[in-house]
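To start, the structure under review is shown below, and the notes come after it.
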Amino acid sequence: MKWNYTSVGATCLAVGIAGFVAGKVSHSQSSPTESDKLLSRADQVATERMTGNRSGDGRSAATRARMGEGRSEASFDERLTNMEDIIRGENALDRGRAMLSWIDSLAPEEFEDAVARFRSLGVTEARMGEYAMLLTAWAELDPTAALAYTKENTRGGMATGTVLTAWTSRDPESAIAWAKANHEGDDANPYMVGIIRGIVETNPTRATELLSDLPFSRERGQALAAMLPHLMQMGTEAVKGWIDDLGDDRLKDGAIARLAKSIAKDDPEATATWLMANLGDASTSSVDDVYEEWAKKDMASAKTSFESLPKGDARSRALRGLVNIQSQENPQSAANLMNSYPEDIDDRMVQHFIWRSFDDAPEVAINQIGLIENAGSQNRMYERSLKAWLEKDKPAAQTWINSANLPENVLKSISTNNTP
């Protein structure tokens, strides 16, 4: 029987996350002997796929094509030229279809040169989808060879992560064994991000184990970001339960921050209530985003909630969210709102206000620069804003400058824009 992984993914996710929330995650570590066996199995599978010696007739048409069955008679150089023509196409859907067909023409030993030629053309954002297709197909045939290439020839982790994600979806424990064998040191294993991305939909419990094993790091944040969209298929309350069961307080705080930003648009009031009850260092950084979403729907209620908050960073961030929205609709009203709570103003709030309101109301924006406490930041903001205003409306800007008591270095900086 052939499984359709797309259709069963949601079912596996439902079963996996329900089991996780209901019980305790069991951690199973592969012994060195088991890891060696998994890596050996990966090499064996790759050899079998490339030589066409797998038993049974379950190979896909794409796999059979890559084994040499029904492949085009065109030379490899001719097919590489065809690939270049494909990726220069303007229609993304047509490119995708043609690229899949072209990939099916490749023999296993041609993938490395095909990837190298593709990369030589420049892996732009527009070509990222086709690049991922090519790497994924190579991972299906020989993931260890694909990984050896990406480790040696690429930077940034995208290519290696794509191969690992594809491998993990088919043989997760072998991919995990490879990742552990190819990483040294106590810092976060960068290979685990791609693996977690590949396993979360079908086995969120295992993905959570791997996530929890990562130390605080950029990689852990990336892995968490990759997990949440899949976990959200179970609903907000299930994800909150998943977060509650995380054993690492710092990881839990980061998950709260990301979830709050994700769900604020749907129900900002409830999100704000939940967020304020679970504040930590990372989650506090989401307060302005949540209150901004709330202010879009109901400014009065959001303002009332802000006023009830205790003094501190969270309260200042909540005010920033309100000011951000108001500055787009009525800059003067936003300035008045900000100035009504002088104890809650911080430099970043003022800077956000100026950036958002300058185009529509430059004078209102520039009048607030004096609220920036850091002298260097204040002077730089004066210089940038006044130069822009002089270019946009020199008479109005000159009138304001003449009436202001600006620092000498600011006047000197803008003098080149202030000549007849």
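In the structure tokens, each chain is lettered A, B, ... as it comes, each chain's residues begin at 1, and ligands are numbered from 1 in order of appearance.
Counting only C-alpha atoms, Thr208 in chain A has the following residues at most 9 Å away, ignoring those fewer than 5 positions along the same chain: Val25, Ile196, Val200, Asn203, Asp213, Met227 and Leu246 of chain A.
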Would you put the residues from that selection into a file with N, CA and C atoms, as a compact mmCIF listing (two decimals), in the first residue's frame?
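Result file follows (part34.txt):
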```txt
# COMPACT_ATOMS: atom_id res chain seq x y z
N VAL A 25 6.61 13.38 27.63
CA VAL A 25 7.46 13.01 26.51
C VAL A 25 8.53 12.04 27.00
N ILE A 196 13.94 19.03 12.49
CA ILE A 196 12.69 19.35 13.19
C ILE A 196 11.63 19.79 12.21
N VAL A 200 8.11 17.48 12.27
CA VAL A 200 7.10 18.02 13.17
C VAL A 200 5.68 17.63 12.77
N ASN A 203 5.43 13.67 13.49
CA ASN A 203 5.80 13.22 14.83
C ASN A 203 6.19 14.41 15.70
N ASP A 213 16.13 19.58 23.45
CA ASP A 213 17.55 19.25 23.64
C ASP A 213 18.48 20.37 23.18
N MET A 227 8.16 24.96 13.98
CA MET A 227 7.19 24.05 14.59
C MET A 227 5.80 24.66 14.74
N LEU A 246 6.40 22.46 28.31
CA LEU A 246 7.83 22.59 28.02
C LEU A 246 8.60 22.73 29.32
```
Open item on the list: Could you list, as a PyMOL selection string, every residue within 12 Å of Arg97 in chain A, counting only C-alpha atoms and ignoring same-chain residues fewer than 5 positions away?
Closed with: chain A and resi 86-87+89+91-92+102-104+129-130+133
Task: Shell around Asp85 in chain A at 12 Å using only C-alpha atoms, local window under 2 positions removed, as a VMD selection string - done: chain A and resid 78 to 83 87 to 90 94 to 95 98 to 99 102 118 121
I need the chosen residues saved as a CSV table (one decimal), in the first residue's frame, with N, CA and C atoms.
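part.csv was written with the following content:
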```
chain,number,residue,atom,x,y,z
A,78,GLU,N,23.3,19.3,-23.0
A,78,GLU,CA,22.1,19.9,-23.6
A,78,GLU,C,21.0,20.0,-22.6
A,79,ARG,N,20.9,19.1,-21.7
A,79,ARG,CA,19.8,19.2,-20.7
A,79,ARG,C,20.1,20.3,-19.7
A,80,LEU,N,21.4,20.5,-19.4
A,80,LEU,CA,21.7,21.7,-18.5
A,80,LEU,C,21.3,23.0,-19.2
A,81,THR,N,21.5,23.1,-20.5
A,81,THR,CA,21.1,24.3,-21.2
A,81,THR,C,19.5,24.4,-21.1
A,82,ASN,N,18.8,23.3,-21.2
A,82,ASN,CA,17.4,23.3,-21.1
A,82,ASN,C,17.0,23.8,-19.7
A,83,MET,N,17.8,23.4,-18.7
A,83,MET,CA,17.5,23.8,-17.3
A,83,MET,C,17.6,25.3,-17.2
A,87,ILE,N,14.5,28.0,-15.9
A,87,ILE,CA,14.5,28.9,-14.7
A,87,ILE,C,14.5,30.4,-15.1
A,88,ARG,N,14.7,30.6,-16.4
A,88,ARG,CA,14.5,32.0,-16.9
A,88,ARG,C,13.1,32.3,-17.3
A,89,GLY,N,12.2,31.4,-17.2
A,89,GLY,CA,10.8,31.6,-17.5
A,89,GLY,C,10.1,32.6,-16.6
A,90,GLU,N,9.2,33.3,-17.0
A,90,GLU,CA,8.5,34.3,-16.2
A,90,GLU,C,7.4,33.7,-15.4
A,94,ASP,N,4.6,27.5,-14.5
A,94,ASP,CA,5.2,26.8,-15.6
A,94,ASP,C,6.6,26.4,-15.3
A,95,ARG,N,7.4,27.2,-14.6
A,95,ARG,CA,8.7,26.9,-14.3
A,95,ARG,C,8.7,25.6,-13.4
A,98,ALA,N,7.9,22.4,-15.3
A,98,ALA,CA,9.0,22.1,-16.2
A,98,ALA,C,10.2,21.6,-15.4
A,99,MET,N,10.4,22.2,-14.3
A,99,MET,CA,11.6,21.8,-13.5
A,99,MET,C,11.4,20.4,-12.9
A,102,TRP,N,12.2,18.1,-15.7
A,102,TRP,CA,13.6,18.1,-16.0
A,102,TRP,C,14.4,17.3,-15.0
A,118,PHE,N,23.2,25.0,-11.5
A,118,PHE,CA,22.1,25.8,-11.1
A,118,PHE,C,22.7,27.0,-10.2
A,121,LEU,N,24.3,30.0,-11.8
A,121,LEU,CA,23.4,31.0,-12.4
A,121,LEU,C,22.9,32.1,-11.4
```
Skipping near chain neighbours, those fewer than 3 positions away, what residues fall within 10 Å of Leu406 in chain A using only C-alpha atoms, listed as a PDB file with N, CA and C atoms, in the first residue's frame?
```
ATOM      1  N   GLY A 370      12.727  66.031  20.446  1.00  0.00           N
ATOM      2  CA  GLY A 370      13.289  66.455  21.718  1.00  0.00           C
ATOM      3  C   GLY A 370      12.999  65.509  22.867  1.00  0.00           C
ATOM      4  N   ASN A 379      20.325  63.784  18.085  1.00  0.00           N
ATOM      5  CA  ASN A 379      20.964  64.589  17.047  1.00  0.00           C
ATOM      6  C   ASN A 379      20.879  63.923  15.682  1.00  0.00           C
ATOM      7  N   TYR A 382      17.414  64.389  14.339  1.00  0.00           N
ATOM      8  CA  TYR A 382      17.240  65.750  13.829  1.00  0.00           C
ATOM      9  C   TYR A 382      17.868  65.893  12.438  1.00  0.00           C
ATOM     10  N   ILE A 401      13.325  75.562  11.449  1.00  0.00           N
ATOM     11  CA  ILE A 401      14.716  75.599  11.907  1.00  0.00           C
ATOM     12  C   ILE A 401      15.043  76.949  12.541  1.00  0.00           C
ATOM     13  N   ASN A 402      14.565  78.023  11.933  1.00  0.00           N
ATOM     14  CA  ASN A 402      14.854  79.366  12.449  1.00  0.00           C
ATOM     15  C   ASN A 402      14.243  79.595  13.826  1.00  0.00           C
ATOM     16  N   SER A 403      13.133  78.883  14.105  1.00  0.00           N
ATOM     17  CA  SER A 403      12.457  79.084  15.386  1.00  0.00           C
ATOM     18  C   SER A 403      12.932  78.123  16.468  1.00  0.00           C
ATOM     19  N   ASN A 409      26.075  71.297  16.161  1.00  0.00           N
ATOM     20  CA  ASN A 409      26.514  70.248  15.237  1.00  0.00           C
ATOM     21  C   ASN A 409      25.390  69.821  14.300  1.00  0.00           C
ATOM     22  N   VAL A 410      24.135  69.934  14.758  1.00  0.00           N
ATOM     23  CA  VAL A 410      23.000  69.620  13.892  1.00  0.00           C
ATOM     24  C   VAL A 410      22.879  70.685  12.804  1.00  0.00           C
ATOM     25  N   LEU A 411      22.984  71.945  13.206  1.00  0.00           N
ATOM     26  CA  LEU A 411      22.902  73.039  12.227  1.00  0.00           C
ATOM     27  C   LEU A 411      24.015  72.933  11.186  1.00  0.00           C
TER      28      LEU A 411
END
```
- [ ] Please return as a PyMOL selection string: the residues of range 177-234 of chain A that backbone DSSP assigns to helix (DSSP H, G or I).
- [x] chain A and resi 177-181+192-199+204-213+218-234
With a distance cut-off of 9 Å and only C-alpha atoms, select the neighbouring residues of Ala255 in chain A, excluding the residue or stretch itself and same-chain residues fewer than 6 positions from it, and output the selection as a CSV table (one decimal) with C-alpha atoms, in the first residue's frame.
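This is the output file result28.csv:
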```csv
chain,number,residue,atom,x,y,z
A,221,GLY,CA,14.5,30.0,17.8
A,224,LEU,CA,10.6,26.8,17.3
A,225,ALA,CA,9.4,29.1,14.5
A,228,LEU,CA,4.5,26.5,15.6
A,243,ILE,CA,3.9,25.4,25.8
A,282,ALA,CA,11.1,37.4,25.5
A,283,SER,CA,7.3,37.5,25.7
```
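Our summary of the geometry notes that CA of Glu125 in chain A is positioned 15.1 Å from CA of Gly157 in chain A.
Candidate residues A:Lys180, A:Lys303, A:Arg206, A:Lys296 were compared for distance to Asp267 in chain A, and the nearest is A:Lys296, using only C-alpha atoms.
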